[in-house]
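Trainee: Sharing upload00.cif, mmCIF, C-alpha atoms:
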data_model
loop_
_atom_site.group_PDB
_atom_site.id
_atom_site.type_symbol
_atom_site.label_atom_id
_atom_site.label_comp_id
_atom_site.auth_asym_id
_atom_site.auth_seq_id
_atom_site.Cartn_x
_atom_site.Cartn_y
_atom_site.Cartn_z
ATOM 1 C CA MET A 1 39.438 30.407 12.231
ATOM 2 C CA LYS A 2 41.851 29.185 9.569
ATOM 3 C CA LEU A 3 44.157 26.218 9.406
ATOM 4 C CA HIS A 4 47.293 28.329 9.697
ATOM 5 C CA HIS A 5 45.982 29.767 12.980
ATOM 6 C CA LEU A 6 45.954 26.302 14.527
ATOM 7 C CA ARG A 7 49.283 25.354 12.968
ATOM 8 C CA ASP A 8 50.994 28.500 14.257
ATOM 9 C CA PHE A 9 49.482 28.247 17.742
ATOM 10 C CA VAL A 10 50.553 24.616 18.144
ATOM 11 C CA ALA A 11 54.050 25.426 16.880
ATOM 12 C CA ILE A 12 54.458 28.320 19.335
ATOM 13 C CA ALA A 13 53.177 26.206 22.240
ATOM 14 C CA ASP A 14 55.498 23.314 21.349
ATOM 15 C CA ALA A 15 58.542 25.560 20.954
ATOM 16 C CA HIS A 16 57.682 27.686 24.017
ATOM 17 C CA SER A 17 58.651 30.740 21.980
ATOM 18 C CA VAL A 18 57.617 32.657 18.872
ATOM 19 C CA ARG A 19 61.219 32.655 17.671
ATOM 20 C CA GLY A 20 61.533 28.886 17.931
ATOM 21 C CA ALA A 21 58.208 28.351 16.162
ATOM 22 C CA ALA A 22 59.189 30.757 13.381
ATOM 23 C CA ARG A 23 62.430 28.853 12.879
ATOM 24 C CA ALA A 24 60.623 25.498 12.806
ATOM 25 C CA LEU A 25 57.995 26.689 10.314
ATOM 26 C CA GLY A 26 60.323 28.813 8.210
ATOM 27 C CA LEU A 27 58.202 31.927 8.748
ATOM 28 C CA ALA A 28 58.858 35.449 10.008
ATOM 29 C CA GLN A 29 58.198 36.150 13.682
ATOM 30 C CA PRO A 30 55.808 39.072 12.969
ATOM 31 C CA ALA A 31 53.640 36.777 10.862
ATOM 32 C CA LEU A 32 53.327 34.277 13.711
ATOM 33 C CA THR A 33 52.608 37.000 16.251
ATOM 34 C CA ARG A 34 49.854 38.376 13.996
ATOM 35 C CA SER A 35 48.403 34.889 13.493
ATOM 36 C CA LEU A 36 48.292 34.294 17.261
ATOM 37 C CA ARG A 37 46.599 37.635 17.902
ATOM 38 C CA GLU A 38 43.980 36.894 15.248
ATOM 39 C CA LEU A 39 43.232 33.509 16.858
ATOM 40 C CA GLU A 40 43.014 34.996 20.366
ATOM 41 C CA GLY A 41 40.784 37.764 19.034
ATOM 42 C CA GLU A 42 38.406 35.264 17.477
ATOM 43 C CA LEU A 43 38.274 33.172 20.651
ATOM 44 C CA GLY A 44 38.022 36.261 22.856
ATOM 45 C CA THR A 45 40.714 35.232 25.329
ATOM 46 C CA PRO A 46 44.524 35.048 25.634
ATOM 47 C CA LEU A 47 45.980 31.609 24.946
ATOM 48 C CA LEU A 48 49.621 32.299 25.810
ATOM 49 C CA GLU A 49 51.477 34.435 28.331
ATOM 50 C CA ARG A 50 54.990 35.779 27.821
ATOM 51 C CA HIS A 51 57.559 35.078 30.543
ATOM 52 C CA ALA A 52 61.297 35.484 30.857
ATOM 53 C CA ARG A 53 61.853 31.905 29.726
ATOM 54 C CA GLY A 54 59.418 32.090 26.810
ATOM 55 C CA VAL A 55 55.684 31.684 26.342
ATOM 56 C CA VAL A 56 53.433 29.612 28.614
ATOM 57 C CA LEU A 57 49.921 28.380 27.920
ATOM 58 C CA THR A 58 47.126 29.933 29.938
ATOM 59 C CA PRO A 59 44.626 27.461 31.487
ATOM 60 C CA ILE A 60 42.266 28.105 28.569
ATOM 61 C CA GLY A 61 45.197 27.854 26.179
ATOM 62 C CA GLN A 62 46.089 24.475 27.644
ATOM 63 C CA ALA A 63 42.557 23.210 27.023
ATOM 64 C CA PHE A 64 42.486 24.591 23.482
ATOM 65 C CA TYR A 65 45.939 23.188 22.732
ATOM 66 C CA GLY A 66 44.643 19.629 23.177
ATOM 67 C CA ARG A 67 41.927 20.242 20.585
ATOM 68 C CA ALA A 68 44.217 22.068 18.173
ATOM 69 C CA HIS A 69 46.961 19.461 18.427
ATOM 70 C CA ALA A 70 44.477 16.639 17.810
ATOM 71 C CA ALA A 71 43.036 18.486 14.813
ATOM 72 C CA MET A 72 46.470 18.978 13.268
ATOM 73 C CA ALA A 73 47.385 15.342 13.894
ATOM 74 C CA GLU A 74 44.161 14.183 12.257
ATOM 75 C CA LEU A 75 44.778 16.360 9.204
ATOM 76 C CA GLN A 76 48.246 14.837 8.897
ATOM 77 C CA ARG A 77 46.673 11.388 9.088
ATOM 78 C CA GLY A 78 44.335 12.461 6.286
ATOM 79 C CA ARG A 79 47.252 13.443 4.066
ATOM 80 C CA GLU A 80 48.947 10.121 4.757
ATOM 81 C CA GLU A 81 45.735 8.206 4.045
ATOM 82 C CA VAL A 82 45.331 9.884 0.643
ATOM 83 C CA ALA A 83 48.941 9.078 -0.262
ATOM 84 C CA GLN A 84 48.478 5.455 0.777
ATOM 85 C CA LEU A 85 45.243 5.130 -1.195
ATOM 86 C CA LEU A 86 46.964 6.595 -4.274
ATOM 87 C CA GLY A 87 49.616 3.894 -4.066
ATOM 88 C CA THR A 88 52.457 6.114 -2.878
ATOM 89 C CA PRO A 89 52.632 5.084 0.788
ATOM 90 C CA SER A 90 54.264 7.548 3.154
ATOM 91 C CA GLY A 91 53.803 8.904 6.654
ATOM 92 C CA THR A 92 54.034 7.188 10.025
ATOM 93 C CA VAL A 93 52.160 4.499 11.924
ATOM 94 C CA THR A 94 52.622 4.645 15.701
ATOM 95 C CA VAL A 95 51.482 1.868 18.041
ATOM 96 C CA GLY A 96 51.773 1.205 21.766
ATOM 97 C CA LEU A 97 52.514 -2.350 22.908
ATOM 98 C CA SER A 98 52.783 -4.082 26.266
ATOM 99 C CA SER A 99 55.666 -6.454 27.002
ATOM 100 C CA ALA A 100 53.658 -9.599 26.237
ATOM 101 C CA VAL A 101 52.781 -8.273 22.795
ATOM 102 C CA TRP A 102 56.364 -7.255 22.077
ATOM 103 C CA LEU A 103 57.642 -10.692 22.983
ATOM 104 C CA VAL A 104 55.434 -12.932 20.853
ATOM 105 C CA MET A 105 53.580 -10.792 18.302
ATOM 106 C CA ALA A 106 55.648 -7.758 17.327
ATOM 107 C CA ALA A 107 58.227 -9.525 15.156
ATOM 108 C CA ARG A 108 55.593 -11.295 13.038
ATOM 109 C CA ALA A 109 53.591 -8.093 12.549
ATOM 110 C CA HIS A 110 56.737 -6.050 11.835
ATOM 111 C CA GLN A 111 57.919 -8.416 9.127
ATOM 112 C CA GLY A 112 54.592 -8.380 7.283
ATOM 113 C CA PHE A 113 54.214 -4.612 7.587
ATOM 114 C CA ARG A 114 57.682 -3.815 6.268
ATOM 115 C CA LYS A 115 57.060 -6.032 3.254
ATOM 116 C CA LYS A 116 53.815 -4.293 2.263
ATOM 117 C CA TYR A 117 54.603 -0.733 3.360
ATOM 118 C CA PRO A 118 58.364 -0.188 2.987
ATOM 119 C CA GLY A 119 57.874 3.566 2.580
ATOM 120 C CA VAL A 120 55.922 4.074 5.821
ATOM 121 C CA ARG A 121 57.781 4.759 9.039
ATOM 122 C CA LEU A 122 56.753 2.414 11.858
ATOM 123 C CA ARG A 123 57.103 3.606 15.443
ATOM 124 C CA MET A 124 56.512 1.014 18.174
ATOM 125 C CA MET A 125 56.368 2.112 21.820
ATOM 126 C CA GLU A 126 56.410 0.036 25.005
ATOM 127 C CA GLY A 127 53.909 0.836 27.732
ATOM 128 C CA PHE A 128 50.504 0.271 29.260
ATOM 129 C CA PHE A 129 47.278 2.044 28.331
ATOM 130 C CA SER A 130 47.433 4.371 31.338
ATOM 131 C CA MET A 131 50.842 5.586 30.141
ATOM 132 C CA LEU A 132 49.902 6.008 26.480
ATOM 133 C CA GLU A 133 46.278 7.153 26.616
ATOM 134 C CA GLY A 134 47.208 10.814 26.126
ATOM 135 C CA ARG A 135 48.942 9.984 22.850
ATOM 136 C CA LEU A 136 45.894 8.047 21.684
ATOM 137 C CA GLN A 137 43.641 10.967 22.544
ATOM 138 C CA ASP A 138 45.677 13.548 20.671
ATOM 139 C CA GLY A 139 46.044 11.392 17.586
ATOM 140 C CA THR A 140 49.779 10.739 17.787
ATOM 141 C CA LEU A 141 49.163 7.054 18.570
ATOM 142 C CA ASP A 142 47.145 4.973 16.091
ATOM 143 C CA PHE A 143 46.249 2.145 18.464
ATOM 144 C CA PHE A 144 47.331 0.314 21.607
ATOM 145 C CA ILE A 145 47.621 -3.432 22.222
ATOM 146 C CA GLY A 146 48.041 -4.742 25.753
ATOM 147 C CA PRO A 147 46.195 -5.611 28.976
ATOM 148 C CA ARG A 148 42.594 -4.490 29.219
ATOM 149 C CA PRO A 149 42.433 -1.494 31.600
ATOM 150 C CA ALA A 150 40.793 -2.285 34.931
ATOM 151 C CA ARG A 151 38.888 1.004 34.937
ATOM 152 C CA PRO A 152 36.104 1.865 32.462
ATOM 153 C CA ILE A 153 37.552 3.913 29.616
ATOM 154 C CA GLY A 154 34.376 5.366 28.128
ATOM 155 C CA ASP A 155 32.657 5.362 24.763
ATOM 156 C CA GLY A 156 35.414 7.335 23.081
ATOM 157 C CA TYR A 157 37.378 4.147 22.467
ATOM 158 C CA LYS A 158 36.889 0.993 20.434
ATOM 159 C CA VAL A 159 38.079 -2.101 22.319
ATOM 160 C CA ASP A 160 38.624 -5.450 20.555
ATOM 161 C CA LEU A 161 39.571 -8.655 22.388
ATOM 162 C CA LEU A 162 42.613 -10.416 20.938
ATOM 163 C CA PHE A 163 43.029 -13.229 23.471
ATOM 164 C CA HIS A 164 42.569 -14.216 27.099
ATOM 165 C CA ASN A 165 45.770 -14.399 29.083
ATOM 166 C CA ASP A 166 47.246 -15.830 32.257
ATOM 167 C CA ARG A 167 50.348 -15.226 34.341
ATOM 168 C CA VAL A 168 53.144 -17.312 35.793
ATOM 169 C CA VAL A 169 55.511 -16.834 38.708
ATOM 170 C CA VAL A 170 58.976 -16.153 37.296
ATOM 171 C CA GLY A 171 62.457 -16.043 38.840
ATOM 172 C CA ARG A 172 66.041 -16.399 37.679
ATOM 173 C CA LYS A 173 67.432 -19.713 36.532
ATOM 174 C CA GLY A 174 68.511 -21.645 39.597
ATOM 175 C CA HIS A 175 66.389 -19.547 41.965
ATOM 176 C CA PRO A 176 66.527 -20.861 45.573
ATOM 177 C CA ARG A 177 62.723 -21.340 45.551
ATOM 178 C CA ARG A 178 62.556 -22.897 42.083
ATOM 179 C CA HIS A 179 60.986 -26.071 43.487
ATOM 180 C CA ALA A 180 58.135 -24.289 45.305
ATOM 181 C CA THR A 181 54.720 -25.673 44.391
ATOM 182 C CA SER A 182 52.355 -23.157 45.984
ATOM 183 C CA LEU A 183 51.982 -19.411 46.455
ATOM 184 C CA ALA A 184 51.926 -19.987 50.217
ATOM 185 C CA GLU A 185 55.632 -20.845 50.050
ATOM 186 C CA LEU A 186 56.442 -17.561 48.313
ATOM 187 C CA VAL A 187 54.553 -14.921 50.299
ATOM 188 C CA ASP A 188 57.675 -13.708 52.080
ATOM 189 C CA GLU A 189 59.892 -13.582 49.004
ATOM 190 C CA ASP A 190 61.107 -10.346 47.385
ATOM 191 C CA TRP A 191 58.553 -9.462 44.684
ATOM 192 C CA VAL A 192 58.721 -6.981 41.831
ATOM 193 C CA LEU A 193 55.640 -5.093 40.692
ATOM 194 C CA THR A 194 55.410 -4.649 36.923
ATOM 195 C CA GLY A 195 52.769 -1.900 36.732
ATOM 196 C CA VAL A 196 50.291 -3.967 34.716
ATOM 197 C CA ARG A 197 47.448 -2.695 36.916
ATOM 198 C CA GLU A 198 46.767 0.997 37.478
ATOM 199 C CA ARG A 199 46.562 0.283 41.211
ATOM 200 C CA VAL A 200 49.767 -1.709 41.262
ATOM 201 C CA GLU A 201 49.093 -3.660 44.465
ATOM 202 C CA ALA A 202 46.173 -5.345 42.667
ATOM 203 C CA GLU A 203 48.719 -7.465 40.771
ATOM 204 C CA PHE A 204 48.993 -9.718 43.815
ATOM 205 C CA GLU A 205 45.764 -9.274 45.740
ATOM 206 C CA ASP A 206 43.483 -11.470 43.624
ATOM 207 C CA ALA A 207 45.966 -14.307 43.208
ATOM 208 C CA PHE A 208 46.875 -14.569 46.899
ATOM 209 C CA ALA A 209 43.464 -13.686 48.340
ATOM 210 C CA SER A 210 41.819 -16.491 46.367
ATOM 211 C CA GLN A 211 44.053 -18.881 48.327
ATOM 212 C CA GLY A 212 43.285 -17.232 51.662
ATOM 213 C CA LEU A 213 46.782 -15.744 51.788
ATOM 214 C CA PRO A 214 47.952 -12.218 52.588
ATOM 215 C CA PRO A 215 49.471 -10.560 49.520
ATOM 216 C CA PRO A 216 53.206 -9.884 49.506
ATOM 217 C CA VAL A 217 54.406 -6.409 50.411
ATOM 218 C CA PRO A 218 56.688 -5.553 47.483
ATOM 219 C CA MET A 219 59.047 -2.613 47.711
ATOM 220 C CA THR A 220 60.193 -2.501 44.073
ATOM 221 C CA GLN A 221 58.231 -1.428 41.015
ATOM 222 C CA ALA A 222 59.678 -1.743 37.507
ATOM 223 C CA GLU A 223 57.650 -0.647 34.500
ATOM 224 C CA SER A 224 59.847 -1.580 31.546
ATOM 225 C CA MET A 225 60.559 -4.970 30.062
ATOM 226 C CA VAL A 226 64.312 -4.417 30.244
ATOM 227 C CA GLY A 227 64.094 -3.317 33.882
ATOM 228 C CA VAL A 228 62.025 -6.301 34.977
ATOM 229 C CA ALA A 229 64.270 -8.714 33.073
ATOM 230 C CA ALA A 230 67.426 -7.204 34.567
ATOM 231 C CA LEU A 231 66.129 -7.540 38.127
ATOM 232 C CA LEU A 232 64.811 -11.066 37.687
ATOM 233 C CA SER A 233 67.936 -12.409 36.008
ATOM 234 C CA SER A 234 70.386 -10.812 38.450
ATOM 235 C CA THR A 235 68.641 -11.063 41.842
ATOM 236 C CA ASP A 236 66.415 -13.442 43.785
ATOM 237 C CA ALA A 237 63.332 -11.296 43.148
ATOM 238 C CA LEU A 238 60.163 -12.897 41.777
ATOM 239 C CA ALA A 239 57.416 -11.490 39.566
ATOM 240 C CA MET A 240 54.045 -12.517 38.157
ATOM 241 C CA LEU A 241 54.391 -12.113 34.417
ATOM 242 C CA PRO A 242 52.339 -12.937 31.323
ATOM 243 C CA ARG A 243 53.114 -16.448 30.131
ATOM 244 C CA GLN A 244 54.529 -14.947 26.897
ATOM 245 C CA TRP A 245 57.738 -14.125 28.783
ATOM 246 C CA LEU A 246 58.521 -17.842 28.862
ATOM 247 C CA GLN A 247 57.390 -18.485 25.281
ATOM 248 C CA ALA A 248 59.871 -15.971 23.866
ATOM 249 C CA GLY A 249 63.459 -17.002 23.255
ATOM 250 C CA LEU A 250 64.787 -13.615 24.361
ATOM 251 C CA PHE A 251 65.099 -14.618 28.020
ATOM 252 C CA ALA A 252 65.802 -18.343 27.572
ATOM 253 C CA GLY A 253 68.494 -19.431 29.973
ATOM 254 C CA ALA A 254 67.995 -16.389 32.207
ATOM 255 C CA ILE A 255 64.571 -16.890 33.812
ATOM 256 C CA GLU A 256 62.231 -19.784 34.504
ATOM 257 C CA ALA A 257 58.782 -20.439 35.897
ATOM 258 C CA ILE A 258 58.289 -21.418 39.532
ATOM 259 C CA PRO A 259 55.857 -24.377 39.218
ATOM 260 C CA VAL A 260 53.110 -23.272 41.613
ATOM 261 C CA ARG A 261 49.902 -25.268 41.272
ATOM 262 C CA GLU A 262 47.594 -22.259 41.391
ATOM 263 C CA HIS A 263 46.273 -20.892 38.102
ATOM 264 C CA ILE A 264 46.841 -17.137 37.936
ATOM 265 C CA GLU A 265 44.609 -15.271 35.548
ATOM 266 C CA GLY A 266 45.920 -12.239 33.703
ATOM 267 C CA PRO A 267 44.129 -9.331 32.056
ATOM 268 C CA ASP A 268 42.745 -9.928 28.565
ATOM 269 C CA ILE A 269 44.944 -8.632 25.760
ATOM 270 C CA VAL A 270 42.951 -6.093 23.763
ATOM 271 C CA GLN A 271 43.409 -3.587 20.980
ATOM 272 C CA ILE A 272 42.210 -0.056 21.737
ATOM 273 C CA SER A 273 41.700 2.678 19.174
ATOM 274 C CA ARG A 274 39.630 5.845 19.025
ATOM 275 C CA ALA A 275 35.953 5.222 18.312
ATOM 276 C CA GLY A 276 34.668 6.830 15.146
ATOM 277 C CA VAL A 277 38.138 7.650 13.824
ATOM 278 C CA PRO A 278 39.187 5.286 11.013
ATOM 279 C CA LEU A 279 42.738 4.020 10.826
ATOM 280 C CA THR A 280 44.823 4.866 7.795
ATOM 281 C CA PRO A 281 45.240 1.943 5.351
ATOM 282 C CA ALA A 282 48.746 1.280 6.672
ATOM 283 C CA ALA A 283 47.635 1.352 10.329
ATOM 284 C CA ALA A 284 44.638 -0.855 9.514
ATOM 285 C CA TYR A 285 46.926 -3.379 7.842
ATOM 286 C CA LEU A 286 49.233 -3.437 10.856
ATOM 287 C CA SER A 287 46.198 -3.977 13.087
ATOM 288 C CA THR A 288 45.207 -6.960 10.947
ATOM 289 C CA LEU A 289 48.702 -8.406 11.213
ATOM 290 C CA PHE A 290 48.532 -8.271 15.018
ATOM 291 C CA GLU A 291 45.128 -9.953 14.942
ATOM 292 C CA ARG A 292 46.565 -12.755 12.795
ATOM 293 C CA ALA A 293 49.518 -13.109 15.161
ATOM 294 C CA ALA A 294 47.106 -13.443 18.090
ATOM 295 C CA VAL A 295 45.182 -16.209 16.334
ATOM 296 C CA ALA A 296 48.404 -18.058 15.571
ATOM 297 C CA MET A 297 49.538 -18.123 19.208
#
Let me see the file written as structure tokens.
Mentor:
Amino acid sequence: MKLHHLRDFVAIADAHSVRGAARALGLAQPALTRSLRELEGELGTPLLERHARGVVLTPIGQAFYGRAHAAMAELQRGREEVAQLLGTPSGTVTVGLSSAVWLVMAARAHQGFRKKYPGVRLRMMEGFFSMLEGRLQDGTLDFFIGPRPARPIGDGYKVDLLFHNDRVVVGRKGHPRRHATSLAELVDEDWVLTGVRERVEAEFEDAFASQGLPPPVPMTQAESMVGVAALLSSTDALAMLPRQWLQAGLFAGAIEAIPVREHIEGPDIVQISRAGVPLTPAAAYLSTLFERAAVAM
């Protein structure tokens, strides 16, 4: 099995056609077809099936694609690492961040990274681990920073604690229940789920159950920072959000905390990367910048 076999297979699978892959790679279609046949012959099984709309991965092809894609991504990381070590930084660093991290840590880390690595493209994505895990597995995401997953994630990941966190009840400025002092007064309000837990209802269960209260029955789930902010600032909905939402100036004047007396714990904020796979120098530096930002909070 040669490197071009993996490259060609991944390109055909991504393009869903030999023609599209040939155009993307700048190669002739017969060369790609021959490369695919050689790979399938070595593996002893078809990886792709031809259909009217193009090529489709077989079940075995789907499994092999994950390995091949990860291998190609890791080789690209290797090229970028060599360039960075030689003092000619290039390539891309891709990170996944939760809303709390975006609000109070991203700007500081971004500024330091751009100063040291102006030639490296930085891609920053919003989401939770459950949404971005696939990208971490296939090597297209360098690391994730956000709430610690509730479920065990296995030995394939390295998990580093950045800080413990807590949550606050948040509503729009001038909310009718802005003077409430306990969760008991807010059970029947309209609540928005933010998706911070993989089983979303768990966002409320611990906080209300610890007070002997039934959890609210929310009917709205919003999983983006912009979506949550739009609902909270324009309606009478409430949400339990990381305290960083109130520390950031972005939403000043639009939302405020409801001063309930109960302390509401939030998931730890952690950094997750693949175990046994070193970060490139640029990604490692960005990781350090986020760690420094966490200490400074």
Trainee: Just so the selection is clear, what residues does the PyMOL selection byres ((chain A and resi 268-277) around 10) cover here, as JSON, numbers by chain?
Mentor: {"A": [74, 95, 96, 97, 98, 100, 101, 129, 133, 136, 137, 138, 139, 141, 142, 143, 144, 145, 146, 147, 148, 149, 153, 154, 155, 156, 157, 158, 159, 160, 161, 162, 163, 164, 165, 166, 265, 266, 267, 278, 279, 280, 287, 290, 291, 294]}
Trainee: How about saving the chosen residues, C-alpha atoms kept, as an mmCIF file, keeping the file's coordinate frame?
Mentor:
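The new file again10.cif reads:
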data_model
loop_
_atom_site.group_PDB
_atom_site.id
_atom_site.type_symbol
_atom_site.label_atom_id
_atom_site.label_comp_id
_atom_site.auth_asym_id
_atom_site.auth_seq_id
_atom_site.Cartn_x
_atom_site.Cartn_y
_atom_site.Cartn_z
ATOM 1 C CA GLU A 74 44.161 14.183 12.257
ATOM 2 C CA VAL A 95 51.482 1.868 18.041
ATOM 3 C CA GLY A 96 51.773 1.205 21.766
ATOM 4 C CA LEU A 97 52.514 -2.350 22.908
ATOM 5 C CA SER A 98 52.783 -4.082 26.266
ATOM 6 C CA ALA A 100 53.658 -9.599 26.237
ATOM 7 C CA VAL A 101 52.781 -8.273 22.795
ATOM 8 C CA PHE A 129 47.278 2.044 28.331
ATOM 9 C CA GLU A 133 46.278 7.153 26.616
ATOM 10 C CA LEU A 136 45.894 8.047 21.684
ATOM 11 C CA GLN A 137 43.641 10.967 22.544
ATOM 12 C CA ASP A 138 45.677 13.548 20.671
ATOM 13 C CA GLY A 139 46.044 11.392 17.586
ATOM 14 C CA LEU A 141 49.163 7.054 18.570
ATOM 15 C CA ASP A 142 47.145 4.973 16.091
ATOM 16 C CA PHE A 143 46.249 2.145 18.464
ATOM 17 C CA PHE A 144 47.331 0.314 21.607
ATOM 18 C CA ILE A 145 47.621 -3.432 22.222
ATOM 19 C CA GLY A 146 48.041 -4.742 25.753
ATOM 20 C CA PRO A 147 46.195 -5.611 28.976
ATOM 21 C CA ARG A 148 42.594 -4.490 29.219
ATOM 22 C CA PRO A 149 42.433 -1.494 31.600
ATOM 23 C CA ILE A 153 37.552 3.913 29.616
ATOM 24 C CA GLY A 154 34.376 5.366 28.128
ATOM 25 C CA ASP A 155 32.657 5.362 24.763
ATOM 26 C CA GLY A 156 35.414 7.335 23.081
ATOM 27 C CA TYR A 157 37.378 4.147 22.467
ATOM 28 C CA LYS A 158 36.889 0.993 20.434
ATOM 29 C CA VAL A 159 38.079 -2.101 22.319
ATOM 30 C CA ASP A 160 38.624 -5.450 20.555
ATOM 31 C CA LEU A 161 39.571 -8.655 22.388
ATOM 32 C CA LEU A 162 42.613 -10.416 20.938
ATOM 33 C CA PHE A 163 43.029 -13.229 23.471
ATOM 34 C CA HIS A 164 42.569 -14.216 27.099
ATOM 35 C CA ASN A 165 45.770 -14.399 29.083
ATOM 36 C CA ASP A 166 47.246 -15.830 32.257
ATOM 37 C CA GLU A 265 44.609 -15.271 35.548
ATOM 38 C CA GLY A 266 45.920 -12.239 33.703
ATOM 39 C CA PRO A 267 44.129 -9.331 32.056
ATOM 40 C CA PRO A 278 39.187 5.286 11.013
ATOM 41 C CA LEU A 279 42.738 4.020 10.826
ATOM 42 C CA THR A 280 44.823 4.866 7.795
ATOM 43 C CA SER A 287 46.198 -3.977 13.087
ATOM 44 C CA PHE A 290 48.532 -8.271 15.018
ATOM 45 C CA GLU A 291 45.128 -9.953 14.942
ATOM 46 C CA ALA A 294 47.106 -13.443 18.090
#
Trainee: Select, from A:Leu231, A:His179, A:Met219, A:Lys173, the residue with the minimum atom-to-atom distance to Ala252 (chain A), counting only C-alpha atoms.
Mentor: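 Counting only C-alpha atoms, the residue closest to Ala252 (chain A) is A:Lys173.
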Trainee: Point out the residue among A:Arg37, A:Ala52, A:Gln29, A:Gln62 with the least atom-to-atom distance to Ala13 (chain A), counting all atoms listed in the file.
Mentor: A:Gln62
Trainee: Compile the contact shell of region 66-68 of chain A as a short mmCIF file (atom, residue, chain, number, x, y, z; two decimals) with C-alpha atoms, in the frame of the given file: residues with an atom at most 10 Å away, counting all atoms listed in the file, same-chain residues fewer than 6 positions apart removed.
Mentor:
data_model
loop_
_atom_site.label_atom_id
_atom_site.label_comp_id
_atom_site.auth_asym_id
_atom_site.auth_seq_id
_atom_site.Cartn_x
_atom_site.Cartn_y
_atom_site.Cartn_z
CA LEU A 3 44.16 26.22 9.41
CA HIS A 5 45.98 29.77 12.98
CA LEU A 6 45.95 26.30 14.53
CA ARG A 7 49.28 25.35 12.97
CA PHE A 9 49.48 28.25 17.74
CA VAL A 10 50.55 24.62 18.14
CA GLU A 74 44.16 14.18 12.26
CA GLY A 134 47.21 10.81 26.13
CA GLN A 137 43.64 10.97 22.54
CA ASP A 138 45.68 13.55 20.67
#
Trainee: Using all atoms listed in the file, which residues sit within 8 Å of Pro259 (chain A) once same-chain residues fewer than 6 positions away are excluded, as a list of chain:residue names?
Mentor: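 Close residues of Pro259 (chain A): A:Val169, A:Arg178, A:His179, A:Ala180, A:Thr181, A:Ser182.
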Trainee: With the PyMOL selection byres ((chain A and resi 222) around 7) as the selection, what would be picked from this file? Answer as a list in words, please.
Mentor: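 For this structure, the PyMOL selection byres ((chain A and resi 222) around 7) captures Val192, Leu193, Thr194, Gly195, Thr220, Gln221, Glu223, Ser224, Gly227 and Val228 of chain A.
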Trainee: Specify as a PyMOL selection string each residue included when the PyMOL selection byres ((chain A and resi 207) around 10) is applied to this file.
Mentor: chain A and resi 167+183+202-206+208-215+240+262-266
Trainee: How many Å separate CA of Ser90 (chain A) from CA of Lys2 (chain A)?
Mentor: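 A separation of 25.8 Å between them.
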Trainee: A:Leu75, A:Leu122, A:Glu256, A:Leu27: which is nearest Val93 (chain A), counting only C-alpha atoms?
Mentor: A:Leu122
Trainee: Considering all atoms listed in the file, can you say which of A:Ser130, A:Met125, A:Ser233, A:Tyr285 comes closest to Arg151 (chain A)?
Mentor: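 Of A:Ser130, A:Met125, A:Ser233, A:Tyr285, the one nearest Arg151 (chain A) is A:Ser130, counting all atoms listed in the file.
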Trainee: Using only C-alpha atoms, pick whichever of A:Gln244, A:Gly54, A:Met1, A:Ala63 has the shortest atom-to-atom distance to Leu36 (chain A).
Mentor: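 Selected residue with least distance to Leu36 (chain A): A:Met1.
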Trainee: Which residue, A:Ala282, A:Ile255, A:Gln247, A:Val295, has the smallest gap to Arg114 (chain A) when you use all atoms listed in the file?
Mentor: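 Selected residue with least distance to Arg114 (chain A): A:Ala282.
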Trainee: To one decimal place in Å, what is the distance between CA of Ala70 (chain A) and CA of Asp8 (chain A)?
Mentor: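 Going from CA of Ala70 (chain A) over to CA of Asp8 (chain A), I get 14.0 Å.
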